[in-house]
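Engineer: So that you have it, the file is data-v1.txt, and it contains compact mmCIF, C-alpha atoms:
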```txt
# COMPACT_ATOMS: atom_id res chain seq x y z
CA PRO A 576 26.30 -3.57 -98.67
CA HIS A 577 27.06 -0.04 -99.78
CA PRO A 578 30.57 0.28 -101.34
CA HIS A 579 31.58 2.86 -98.72
CA GLU A 580 30.55 0.50 -95.91
CA SER A 581 32.70 -2.28 -97.36
CA LEU A 582 35.67 0.13 -97.71
CA HIS A 583 35.24 1.21 -94.09
CA ALA A 584 35.06 -2.47 -93.05
CA TYR A 585 38.29 -3.15 -94.98
CA LEU A 586 39.99 -0.18 -93.30
CA LEU A 587 38.92 -1.49 -89.89
CA GLU A 588 40.31 -4.93 -90.80
CA VAL A 589 43.68 -3.46 -91.78
CA THR A 590 43.74 -1.40 -88.57
CA GLU A 591 43.04 -4.47 -86.44
CA HIS A 592 45.48 -6.68 -88.38
CA LEU A 593 48.36 -4.27 -87.80
CA TYR A 594 47.40 -3.88 -84.14
CA ARG A 595 47.43 -7.66 -83.62
CA SER A 596 50.54 -8.35 -85.75
CA PHE A 597 52.99 -5.97 -84.06
CA ARG A 598 54.10 -5.10 -80.55
CA TYR A 599 54.41 -1.53 -79.31
CA ASP A 600 58.03 -1.10 -78.18
CA THR A 601 59.73 2.29 -77.89
CA THR A 602 63.17 0.66 -78.02
CA ALA A 603 62.58 -1.29 -81.26
CA THR A 604 62.81 1.58 -83.76
CA GLN A 605 63.90 5.18 -84.12
CA VAL A 606 62.64 8.04 -86.27
CA ASP A 607 64.81 6.99 -89.23
CA THR A 608 64.28 3.22 -88.98
CA PRO A 609 63.29 1.70 -92.33
CA LEU A 610 59.80 0.15 -92.48
CA ILE A 611 61.27 -3.27 -93.29
CA GLN A 612 62.95 -3.35 -89.84
CA PHE A 613 59.56 -2.75 -88.19
CA VAL A 614 58.00 -5.53 -90.28
CA GLU A 615 60.79 -8.05 -89.68
CA GLY A 616 61.15 -7.21 -85.98
CA ARG A 617 57.37 -7.15 -85.44
CA ALA A 618 57.77 -4.21 -83.04
CA GLY A 619 57.86 -0.43 -83.12
CA VAL A 620 56.02 2.78 -82.29
CA CYS A 621 53.01 4.67 -83.61
CA GLN A 622 54.85 6.18 -86.58
CA ASP A 623 55.84 2.65 -87.68
CA TYR A 624 52.26 1.41 -87.43
CA ALA A 625 51.08 4.44 -89.42
CA GLN A 626 53.78 4.03 -92.11
CA ALA A 627 52.89 0.32 -92.45
CA MET A 628 49.19 1.12 -92.84
CA LEU A 629 50.00 3.78 -95.45
CA ALA A 630 52.00 1.22 -97.42
CA VAL A 631 49.17 -1.33 -97.31
CA LEU A 632 46.45 1.13 -98.29
CA ARG A 633 48.44 2.80 -101.06
CA SER A 634 49.45 -0.60 -102.47
CA VAL A 635 45.77 -1.34 -103.15
CA GLY A 636 44.97 2.15 -104.49
CA ILE A 637 43.35 3.72 -101.41
CA PRO A 638 44.40 7.36 -100.95
CA ALA A 639 45.90 7.71 -97.48
CA ARG A 640 47.87 10.27 -95.51
CA TYR A 641 50.02 10.33 -92.38
CA VAL A 642 48.65 12.31 -89.44
CA SER A 643 50.52 13.66 -86.44
CA GLY A 644 48.95 14.98 -83.29
CA TYR A 645 48.11 14.04 -79.73
CA LEU A 646 46.01 11.44 -77.96
CA ALA A 647 44.27 11.92 -74.61
CA THR A 648 44.51 8.28 -73.45
CA GLY A 649 45.95 5.06 -74.82
CA VAL A 650 49.27 3.91 -76.26
CA GLY A 651 51.13 6.98 -77.49
CA SER A 652 49.39 9.49 -75.21
CA GLN A 653 52.62 10.44 -73.41
CA GLY A 654 53.90 12.51 -76.34
CA SER A 655 53.10 13.14 -79.96
CA HIS A 656 51.12 10.42 -81.72
CA ALA A 657 50.64 9.27 -85.32
CA TRP A 658 47.78 7.65 -87.21
CA VAL A 659 46.37 7.42 -90.73
CA GLU A 660 43.54 9.05 -92.62
CA ALA A 661 42.07 7.25 -95.62
CA PHE A 662 39.86 8.82 -98.27
CA VAL A 663 36.38 7.34 -98.62
CA PRO A 664 34.83 8.54 -101.92
CA GLY A 665 31.68 10.55 -101.35
CA SER A 666 32.37 10.86 -97.62
CA GLY A 667 35.84 12.35 -97.16
CA TRP A 668 38.81 11.56 -94.94
CA TYR A 669 38.42 9.15 -92.01
CA GLY A 670 41.04 8.43 -89.37
CA TYR A 671 42.30 5.04 -88.20
CA ASP A 672 44.82 4.31 -85.44
CA PRO A 673 46.47 0.89 -85.88
CA THR A 674 48.59 1.41 -82.75
CA ASN A 675 45.43 1.34 -80.60
CA ASN A 676 43.06 -0.54 -82.96
CA SER A 677 40.75 2.46 -83.00
CA VAL A 678 38.93 4.87 -85.24
CA ILE A 679 39.72 8.51 -84.57
CA THR A 680 37.46 10.11 -81.97
CA GLU A 681 37.40 13.32 -79.93
CA ARG A 682 40.28 11.85 -77.84
CA TYR A 683 42.60 12.70 -80.77
CA VAL A 684 43.97 16.16 -81.49
CA LYS A 685 45.23 16.50 -85.07
CA LYS A 686 48.25 18.75 -85.56
CA ALA A 687 49.12 18.11 -89.21
CA HIS A 688 48.87 15.66 -92.09
CA GLY A 689 51.12 14.86 -95.02
CA ARG A 690 52.51 12.11 -97.20
CA ASP A 691 54.58 10.60 -94.39
CA TYR A 692 56.43 11.41 -91.17
CA ASP A 693 58.86 13.77 -92.93
CA ASP A 694 55.98 16.06 -93.93
CA CYS A 695 54.71 16.58 -90.38
CA PRO A 696 57.12 15.64 -87.58
CA PRO A 697 56.23 16.90 -84.09
CA ILE A 698 59.10 19.39 -84.27
CA LYS A 699 61.12 20.54 -87.26
CA GLY A 700 63.98 22.94 -87.61
CA LEU A 701 67.64 23.45 -88.29
CA ARG A 702 70.46 23.53 -85.77
CA ARG A 703 74.08 24.25 -86.57
CA GLY A 704 77.11 23.47 -84.50
CA GLY A 705 78.57 20.52 -82.67
CA GLY A 706 77.40 18.44 -79.81
CA LYS A 707 74.43 16.20 -79.39
CA GLU A 708 70.87 16.78 -78.42
CA HIS A 709 67.99 14.77 -77.02
CA LEU A 710 64.34 15.78 -77.09
CA GLN A 711 62.01 14.52 -74.40
CA VAL A 712 58.33 15.46 -74.47
CA LEU A 713 55.47 14.92 -72.06
CA VAL A 714 52.01 15.94 -73.28
CA ARG A 715 48.88 16.24 -71.18
CA VAL A 716 45.56 16.39 -73.04
CA GLU A 717 42.43 17.34 -71.11
CA ALA A 718 38.80 17.81 -72.09
CA VAL A 719 37.50 21.33 -71.40
```
Spit out the file's structure as structure tokens when you get a sec.

Structural biologist:
Amino acid sequence: PHPHESLHAYLLEVTEHLYRSFRYDTTATQVDTPLIQFVEGRAGVCQDYAQAMLAVLRSVGIPARYVSGYLATGVGSQGSHAWVEAFVPGSGWYGYDPTNNSVITERYVKKAHGRDYDDCPPIKGLRRGGGKEHLQVLVRVEAV
């Protein structure tokens, strides 16, 4: 097989392995939860799946980046979503979603990419003063 085909096959295997090894649970982690808690608890959200895939790919020398955006249907479609892009030499960047065991298709809307979540959170800013805040987002993606 062509080297790029075997790399793509490996990336699909990693995507599926993460999908099958963890449970999607919005109560299991928060935005600042360390990756080890996701791994030990075997549950988390899309950003955890993406961070885990980044760690696996980078540990074997595959360039990879964190992607944030939106998904039309599937787990994570109710708000912002996260997935991974891996670099395939000679072909470019290809997206993989371990949360949904999927390659990236037209159902995905990319907002930004970076090294990790901190480079491209769904919202970023500075607020001064006391009190607490809570952000709740509902996103609707439609084909036009």

Engineer: Restricting the calculation to all atoms listed in the file, which member of A:Tyr645, A:Tyr599, A:Trp658, A:Tyr683 is positioned closest to A:Met628?

Structural biologist: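 Of A:Tyr645, A:Tyr599, A:Trp658, A:Tyr683, the one nearest A:Met628, counting all atoms listed in the file, is A:Trp658.
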
Engineer: Identify, on the basis of only C-alpha atoms, every residue whose closest approach to A:Thr604 does not exceed 8 Å; exclude the query and any residue fewer than 5 positions from it along the same chain; express the result as a VMD selection string.

Structural biologist: chain A and resid 612 to 613 618 to 620

Engineer: For a quick check of your reading of the model, name the residues lying within 12 Å of the coordinate (52.2, -10.7, -86.3), counting all atoms listed in the file, and write them as a list in words.

Structural biologist: Glu591, His592, Leu593, Tyr594, Arg595, Ser596, Phe597, Arg598, Tyr599, Phe613, Val614, Glu615, Gly616, Arg617 and Ala618 of chain A

Engineer: Write out as a list in words each polymer residue whose atoms come within 10 Å of A:Leu582, counting only C-alpha atoms; drop sequence neighbours fewer than 4 positions from it.

Structural biologist: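 So the residues in contact are His577, Pro578, Leu586, Leu587, Glu588, Ile637, Ala661, Phe662, Val663 and Pro664 of chain A.
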
Engineer: For A:Asp600, which of A:Tyr624, A:Tyr669, A:Tyr641, A:Tyr692 is the closest residue, counting only C-alpha atoms?

Structural biologist: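 Ranking A:Tyr624, A:Tyr669, A:Tyr641, A:Tyr692 by distance to A:Asp600, first place goes to A:Tyr624.
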
Engineer: Quote the spacing between atom CA of A:Lys686 and atom CA of A:Val635 in Å to one decimal place.

Structural biologist: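 According to the coordinates, atom CA of A:Lys686 and atom CA of A:Val635 are separated by 26.8 Å.
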
Engineer: What gap, in Å, lies between atom CA of A:His709 and atom CA of A:Asn675?

Structural biologist: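 Interatomic distance here is 26.5 Å.
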
Engineer: Would you mind listing what lies within 8 Å of A:Asn676 as a list in words, with only C-alpha atoms counted and same-chain residues fewer than 2 positions away left out?

Structural biologist: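 Skipping anything fewer than 2 positions along the chain leaves Thr590, Glu591, Tyr594, Tyr671, Asp672, Pro673, Thr674 and Val678 of chain A.
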
Engineer: Go ahead and find all residues with at least one atom no further than 8 Å from (45.4, 15.2, -92.7) in the file's coordinates, using only C-alpha atoms; report them as a list of chain:residue names.

Structural biologist: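 In the file's frame, the residues around the point are A:Arg640, A:Tyr641, A:Val642, A:Glu660, A:Trp668, A:Lys685, A:Ala687, A:His688, A:Gly689.
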
Engineer: With only C-alpha atoms as the basis for distance, which of A:Gly705, A:Tyr585, A:Thr680, A:Val659 is at the shortest distance from A:Leu629?

Structural biologist: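 Of A:Gly705, A:Tyr585, A:Thr680, A:Val659, the one nearest A:Leu629 is A:Val659, counting only C-alpha atoms.
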
Engineer: One decimal, Å: what's the distance from atom CA of A:Gly706 over to atom CA of A:Asp623, could you say?

Structural biologist: 27.9 Å

Engineer: Check the smallest atom-to-atom distance from each of A:Glu681, A:Ser655, A:Ser666, A:Pro609 to A:Val719 using only C-alpha atoms, then report the winner.

Structural biologist: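 The answer is A:Glu681, which sits nearest to A:Val719.
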
Engineer: Calculate, to one decimal in Å, the centre and edge lengths of the box along x, y and z of the file that holds all listed atoms of stretch 689-693 of chain A with 5 Å of margin on each side, and present them as AutoDock Vina command-line options.

Structural biologist:
```
--center_x 55.0 --center_y 12.7 --center_z -94.2 --size_x 17.7 --size_y 14.3 --size_z 16.0
```

Engineer: Which residue gives the smallest distance to A:Gly670 among A:Cys621, A:Ala639, A:Leu646, A:Ala630, with all atoms listed in the file counted?

Structural biologist: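 For A:Gly670, the nearest of the candidates is A:Ala639.
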
Engineer: Determine the nearest neighbour of A:Val631 from the options A:Val589, A:Thr601, A:Gly704, A:Thr648, counting only C-alpha atoms.

Structural biologist: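 Closest candidate: A:Val589.
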